[in-house]
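Undergrad: My structure is below; once you've seen it, I'll send some questions.
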Amino acid sequence: MTLKHCKLTFHQKSQQSQQKAYASEDLALCSKEFPTLKENDIVEIATTDDSSSSFLLKVTKGSLRDDFTPKDTISIDQAIGTAFQLKPYIDVTLTKVDAVCVELDSVELTFKDQYLGRSEMWRLKNSLTNSCVYHKKKIEFCSSTIRCQVHELWSGGLVVTSGLVTEATKIVFRSLTSMVYLFIQMSSEMWEFDICGDLYFEKAVNGFLSKLFKKWKSNGSNHEVTIVLFSRLYYEASSLERFPEAMRECLLTDYKGRFYEDFYRVVVQNEKYEDWRNTLISLRQVFVDYREYLLNFHQRKFPNIKVPKAYVSSAAQGNFLEVLNMSLNVFEKHFVDRSFDRTGQLSVVITPGVGVFEVDRDLTNVTMQRIIDNGVGSDLVCVGEQPLHAFHNKATHHDVDDYSMPHWINLSFYSSNKQVGYATFVPRIKLPSLSDSSRETISVFSPQWRNPLASIHLGDESGWPNSVYDFDSYDDSIFKPSSSQLASKQRRIKHMKRPKTLVDSDFSRIFMRQNSEPEIHATTSTDMYSSTTSIATGSSSLILSSSTQPSSAITIPSKIRFRKSDNVYSSSFGALNIEPGSFSSVKPRVALTPINDRWIKEGTASGATKERHEGSSPSMSSHGGSPKELDFKGRFGNLRRPSRSLINPFDPSHAVIKLTSNRRRWTHIFPRGPSGTFIQQHHFSTGLNKLDIVPEGEATTAIGNTMNDGTHSLSRQSIKDSPDGSTRTKKVTRLWGATGEQEWTPALTTGVDWKSLTIPACLPLTTDYFPDERSLKTDYLVSDYSLLPDDVNADYISQRAIYRRPLTTKEVFFELVSQRLAQGFQTVIRPKHEKPPIKQQSSFLRLNILGIDDETEEYFLSIGRIFHQISLSSSTITVTRYRPRHPYPAIKVYYKYRFYAPNNNNFEVSYADFSTEKLENYNWNYLDHYICTRGDTDFALTENLKYWRFRMFILPINQVVLKRLMGEGVSPECNIYEPLKLEEKRSHIQEFLKFIETCINRIRRPNTSIPKGPRVNIVGASGGSVSSMGSGSFRERVNSNQLPDRPRIRSGSKLAEKQRHESASGRISPLDSPLDSKIFSLSGNLGEPFPDLTPLTFPPRTENTTEGELVPIMCLKADATFKDIVIAMRNQATGLSFIKVTGLELHPWTFVSYDAIMWLINRMEGVSTDSKAMEIFDGMLNERFIIHASGDSSHKFKNGFYIYYISNSDIEGMEPLIPHHDNGMLHNEWMEVDVPCECELNIDSVTKNSLLNFDCSSGNHKWKDVYVDVDTSRKSDRQEWGHIRYQSLFKPDEAFEITVQWIQATGSIITDLVQAWSRKAQQCNLQLVPVPTDPFALPNYSSDPLRGPIKLTIDSLTEGDAGDSSLTPSEVMYFQHTVALKFGFVRCAPHAPAALFHALKPNDLHYVHSSGNMFLIVPICQSVADVCFLWSWNYLVSKRWRISSNPALGDDTFMFKVLHDFKSFCANENNRLTNFWNSTVMNPQSPDVDETLLDSSLTSVPASETL
């Protein structure tokens, strides 16, 4: 309905605009001119000029203005006018439209250079519901900390420019800054030519990669990329004895018994480039000698030993699934070392083949489940020609092969734009080249060969079509269901078409196929042989095989008796696939036969005759994948599994499969086409073949629901009434493809999915699969529990000395959903007519006493085969969990390979293991209570919760050296660092404590500089009284909780009972005292607690009086009592600075130990060192004049940031303060750190004899945890918090570790918090540097399989004076330690997860460069010949962390300069190493330290349990 023609104006949208009241709205108009418009109406604004632009806006309450003065005019946001290229004051038409007609099916949002978790995605999606969006609209969320842009809008199968977001609209998030792994398969085909005359390597690099990088640049993508070249080398050897002993450490064998090794070379690692052209040059340079380097790798290492000949495998035999699992090992730890600059994970494999791979079945199942569970995008880009069959998977287990079609790999085929001058025909197969020896006629009647293909005369070009054998009958028989399966289907579905009858008795054996996707199969007593699998991608396949013995040949039935005059053509002629040169040994093969090199021929009736011969097809041959070394054949005999019928990849339209949640996990990232089906835009197909999906628990049918247009759609489901009157939804989809709804035909053309490769999609938030009621009863175990947040929080509030506002029941409910989404769950979109499942086995019984059904809000979520139902009814939250009754068995595959790290010069042996995760073991009950109690100490974060973490080092900044290395007068040598002086160490300690105080503990420090002037001698302190303490002597904690917010203590709680007991005994509790009490004043003023103190008199201030002379310094005599010290500490003018109390967190008169020590040194005679001051405070603590803030009387007085308070236990007229005795509260609220005394600062932290006593295991480090309010500015739409894990000891010449941990926080808010800390650290002459949890990734099954250290040897130590055989390992390590210090490295304590500790040697020394760019390890060596360094880069440093005070941080030029100079130094260029050796180790006057100080001088603090 057209409302009016009017003029269009613009206004600048701003939330804080004071000029126009409607400036925060997209649309503003006069309500009197549009009386029919009301709030929430949708209007279309269309221009009347030639541009014909139109867009939709929603009328809000602020849009309808009575004070909108312009007549016949509307105003829109300036950004909207810019997006649609509109000019002001043009004529537009305003039309009211029906909201149902403009609903959007899906919206794609893009974002860049930020971390956006799934919880934030869900909250952002909810904020967009019932709002209008338009193309390129900029969306901000969470106080503008999250920013994204609308990329694409879909409605009714078409791309639109604007529309309405509803509850049913699917929001797809795509990241322009993802973590991308590009794997380039360097198989033998890379050195072959394609149909255009280019090498496949040139086609992959110069063609595909070049175009991909250009698209990245044009779209503004800024991915963090790792490029890896991988190959598999086979060796011509029949036994292990033919290999040298040192060569056997990385050898593997496949199911054929062939020996092979896998090689990986990282060319680019974790890099972000604006221009990737230089990378293409580097790849071409590596390609020049890549093959020769691999083939002669071992021969160079063992020149005098004969090494078996090696050859590069084909693409089909390559290590395809292994590289995917390597990336998965990295991606599944996305919560560790969480980067704030990127979101999303993508693995791209570039192969010169056609997508056919021979792989291990177990490894295939592991890969499939890991990819699906972790929500990782996996793309396969084939530069070979697209074949004529669908992407399929062929598995073989004990003489039985089967096919399936994996949907978890997104397939693309790249073809160049080159045109062949003599023809326009584009072949879809790669024709084999036949050798001369194979050009002979093979008689079909030869008694020794029973294969019908042997009758083909290769010299005759017309020989192939003259086939007298019925390949179609063979296809029908081989893909025919078993008799038992057929009978079962006939009983359920009478109208199902019966399969064809076999025409030959030799084909009486039929393969039965399971009605499901490939399941996880463990190797058991009935499944003992190595398994191999073949998977195909889209138009390609993976071949699965497990047999170890070749079987007899298969006989293909003949159509008619053989006659040369007959000219019979087989309709399946395109299925032929011949290996080059195979006819000399007669090894032809028909595609889709059992291919695992075991040609099966049923013999005579007795079955005693079996003929065997081996063969291999380039696209369908078998492969060993993971090595299996166990042979159970002698013990168990030939064990066979039930056979499976095969899926015909040339005609997959008739297969029937079961629908599972895995099948629908990624479906919602695809838009719906005009027919209503999900489509992949890089697929082009025709035809209307149908394929059913059978939901779990439903009967299998042959005919699925079909829309009027002949297509299938899950959104438009056909609802039929069952005989019992209930409704049932019939879901249908296709077996092939990622969507399951797009048909495959031989005419299908698959292009390159540039959108997925350029702006990869994140795992969608929604799915549409949930088991039916029958399946829930039979296949799942049900358990549930209930949460009462109000009751839980009331109990915890009454037992804690600190109060935090608890989460409401509604907030807890939404957070339970949010946490599951963050861990990979998806919300299930269920049709409204479906009833919720009945909890038949539930242990929870909901009672409704009044008989009134409360309105219940619920969410259904799923991941894998695990489903959660979260319901909210009144104040009760019920969590129902559905777990599979028979979960997948755990499978772990161990893998060895050779790895070439960047800047390294050799392939090193490394290890990895690939295993599935038991998702059903996640402790959701524990996490739910953690959320409900706001991270209480009773529910600490544990590793199995997979919480997010970010590790950082606090390092000093040496600007003087940086100027010499990077500024004017650049020093060519980098070993110019000197040890810190005593004054520099003192300064670093003070600056560090200031940083901890202001950033972590959030205390506002006043001017605490010690006033200058003469000391005032105080003879005694027994008369008069001190005036009331002013507020200027207190330091206030920012954002601390106020007492009035605390709820009343519940009757019967433990804390209330303790208060009554203390009050009855005459002891006053702070909780019982009034707010205006003189005993416990929250304003920081005491009435008259100490009546025996006298005020100080100060000289009058004059014009000539300076600030330093105004306040005289109080000087305590050496014999002053503890009581005198307390009085002086509380003096208003010259006393100690206290922490202001704004709640019940701390007692009054609370101070920091380091401040007290410095105050006493400047106030008391005879106290000149911190050790002496600590002795005095220890005595005061023993006499209970001061107490640790936790109330723990056994807590000693420590130097650093430790909190104590003054007790009034020995003062006349005062009752003692009662400590709250909540030790966990204080340790969880305040970050307390030790600092060394001044006597320890003069001691070298490392001696020659102390190095071997150092243990890097976690038991020798004391770590603490503290609660932190991450959202101090209240930017988030919810309550958020986190934790900090930190070292308990700070040393100015070593790195201090601090790790932020969170599970209930927004990533962007954590980013702002950490960046604020970084800016504050610069003001304190410190730097905050991100560091990985495992910087070196030493060879280990739990480490990053694609990273490794650079090994730097010191060859000169074996020669001359440096090669003295009397040197001990500790002396050599001490020399290496001094070298590291000279190059600017500082000690750091390793703090890796427990899974990585066994890879770390306890005596290794760990370092980080003072610039934060590099890491170094000095490994312990048993001999001088093994002396080396291990070097690694800090890949977490990005542009975000570069600071002006440290220009070297993240500077590649500086990093490579230091590495180059370090290598030159180790190579003893210009005798630099020898001279340094003589001046340190060989110098008899080299400084050493008393060995009694070893324990106190180590980097690690004394062994203690982690707090």
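Identifiers in this document derive from the order of the structure tokens: chains are assigned A, B, ..., residues are numbered from 1 separately in each chain, and ligands are numbered from 1 in order of occurrence.
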Excluding Met1180 (chain A) and any residue of its chain fewer than 5 positions from it, enumerate the residues within 8 Å of it, using only C-alpha atoms, and give them as a list in words.
TA: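 Listing them by chain and then by number gives Phe1122, Phe1185 and Ile1186 of chain A.
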Undergrad: Could you pull out the residues in region 324-398 of chain A that DSSP calls strand (DSSP E) from the backbone, as a ChimeraX atom specification?
TA: /A:345-351,356-359,377-382,392-396
Undergrad: May I have the selected residues written with N, CA and C atoms, as a compact mmCIF listing (two decimals), in the first residue's frame?
TA:
# COMPACT_ATOMS: atom_id res chain seq x y z
N GLN A 345 38.70 -21.33 10.84
CA GLN A 345 39.74 -22.29 10.54
C GLN A 345 39.43 -22.96 9.21
N LEU A 346 40.45 -23.11 8.38
CA LEU A 346 40.24 -23.67 7.05
C LEU A 346 41.46 -24.47 6.63
N SER A 347 41.22 -25.69 6.16
CA SER A 347 42.26 -26.52 5.57
C SER A 347 41.98 -26.67 4.09
N VAL A 348 42.97 -26.36 3.28
CA VAL A 348 42.84 -26.47 1.82
C VAL A 348 43.94 -27.38 1.32
N VAL A 349 43.56 -28.44 0.65
CA VAL A 349 44.52 -29.37 0.04
C VAL A 349 44.46 -29.18 -1.47
N ILE A 350 45.60 -28.90 -2.05
CA ILE A 350 45.71 -28.71 -3.50
C ILE A 350 46.42 -29.93 -4.06
N THR A 351 45.76 -30.64 -4.93
CA THR A 351 46.31 -31.89 -5.45
C THR A 351 46.31 -31.86 -6.97
N VAL A 356 40.80 -38.79 -6.15
CA VAL A 356 40.73 -40.19 -5.74
C VAL A 356 41.92 -40.48 -4.85
N PHE A 357 41.69 -40.95 -3.64
CA PHE A 357 42.76 -41.22 -2.69
C PHE A 357 42.57 -42.59 -2.05
N GLU A 358 43.65 -43.26 -1.84
CA GLU A 358 43.64 -44.57 -1.18
C GLU A 358 44.07 -44.35 0.27
N VAL A 359 43.16 -44.59 1.16
CA VAL A 359 43.42 -44.24 2.55
C VAL A 359 42.98 -45.36 3.46
N GLY A 377 36.30 -26.20 8.40
CA GLY A 377 36.10 -26.27 6.97
C GLY A 377 37.27 -26.94 6.28
N SER A 378 36.98 -27.87 5.38
CA SER A 378 38.01 -28.61 4.65
C SER A 378 37.69 -28.55 3.17
N ASP A 379 38.61 -28.02 2.39
CA ASP A 379 38.43 -27.89 0.95
C ASP A 379 39.49 -28.70 0.23
N LEU A 380 39.08 -29.38 -0.80
CA LEU A 380 40.00 -30.09 -1.68
C LEU A 380 39.91 -29.46 -3.06
N VAL A 381 41.03 -28.94 -3.54
CA VAL A 381 41.09 -28.31 -4.86
C VAL A 381 41.90 -29.21 -5.77
N CYS A 382 41.27 -29.73 -6.79
CA CYS A 382 41.94 -30.61 -7.75
C CYS A 382 42.28 -29.80 -9.00
N HIS A 392 33.05 -40.42 -4.20
CA HIS A 392 32.63 -41.59 -3.44
C HIS A 392 33.74 -42.08 -2.55
N ASN A 393 33.39 -43.03 -1.69
CA ASN A 393 34.29 -43.59 -0.71
C ASN A 393 34.17 -45.09 -0.78
N LYS A 394 35.27 -45.76 -1.02
CA LYS A 394 35.23 -47.22 -1.14
C LYS A 394 36.03 -47.82 0.01
N ALA A 395 35.38 -48.70 0.76
CA ALA A 395 36.02 -49.30 1.93
C ALA A 395 36.16 -50.79 1.73
N THR A 396 37.23 -51.35 2.27
CA THR A 396 37.46 -52.77 2.19
C THR A 396 37.80 -53.28 3.58
Undergrad: Between A:Ile1157, A:Phe1415, A:Glu997, A:Pro1332, which residue has the minimum interatomic distance to Phe335 (chain A), considering only C-alpha atoms?
TA: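 Nearest to Phe335 (chain A): A:Pro1332.
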Undergrad: Which residues are close to Leu321 (chain A), i.e. within 9 Å by only C-alpha atoms, leaving aside same-chain residues fewer than 5 positions away? Reply as a list in words.
TA: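 Once the adjacent positions are removed, what remains is Met326, Phe357, Val359, Asp360, Leu363, Thr364, Thr367 and Gly625 of chain A.
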Undergrad: Could you save those same residues with C-alpha atoms as an mmCIF file, in the first residue's frame?
TA:
data_model
loop_
_atom_site.group_PDB
_atom_site.id
_atom_site.type_symbol
_atom_site.label_atom_id
_atom_site.label_comp_id
_atom_site.auth_asym_id
_atom_site.auth_seq_id
_atom_site.Cartn_x
_atom_site.Cartn_y
_atom_site.Cartn_z
ATOM 1 C CA MET A 326 47.685 -32.449 11.196
ATOM 2 C CA PHE A 357 42.764 -41.220 -2.693
ATOM 3 C CA VAL A 359 43.417 -44.239 2.549
ATOM 4 C CA ASP A 360 43.012 -46.198 5.745
ATOM 5 C CA LEU A 363 41.867 -42.967 9.679
ATOM 6 C CA THR A 364 38.956 -42.010 7.417
ATOM 7 C CA THR A 367 39.101 -37.699 10.124
ATOM 8 C CA GLY A 625 47.277 -45.161 5.134
#
Undergrad: Using only C-alpha atoms, find the one residue out of A:Ile76, A:Met247, A:Leu86, A:Leu1346 that sits nearest to Val268 (chain A).
TA: A:Leu1346
Undergrad: Enter the distance from CA of Phe1336 (chain A) to CA of Ser1432 (chain A), in Å, rounded to one decimal.
TA: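 Going from CA of Phe1336 (chain A) over to CA of Ser1432 (chain A) covers 5.8 Å.
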Undergrad: Env of region 1163-1179 of chain A: 6 Å cut, atoms = only C-alpha atoms, seq-sep filter 3 positions within chain, self excluded. Answer as a short mmCIF file (atom, residue, chain, number, x, y, z; two decimals) with C-alpha atoms, in the first residue's frame.
TA:
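Result file follows (result_11.cif):
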data_model
loop_
_atom_site.label_atom_id
_atom_site.label_comp_id
_atom_site.auth_asym_id
_atom_site.auth_seq_id
_atom_site.Cartn_x
_atom_site.Cartn_y
_atom_site.Cartn_z
CA CYS A 1115 61.90 9.32 62.54
CA LEU A 1116 61.46 6.26 64.71
CA LYS A 1117 64.29 5.40 67.06
CA ALA A 1118 65.97 2.06 66.81
CA ILE A 1157 59.15 -2.03 53.91
CA LEU A 1160 60.14 1.68 57.42
CA ASN A 1182 54.03 -12.86 65.47
CA PHE A 1197 55.50 -11.59 56.05
#
Undergrad: As an exercise, work out the distance from CA of Ala1389 (chain A) to CA of Asp1426 (chain A) in Å and give it to one decimal place.
TA: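 According to the coordinates, CA of Ala1389 (chain A) and CA of Asp1426 (chain A) are separated by 23.4 Å.
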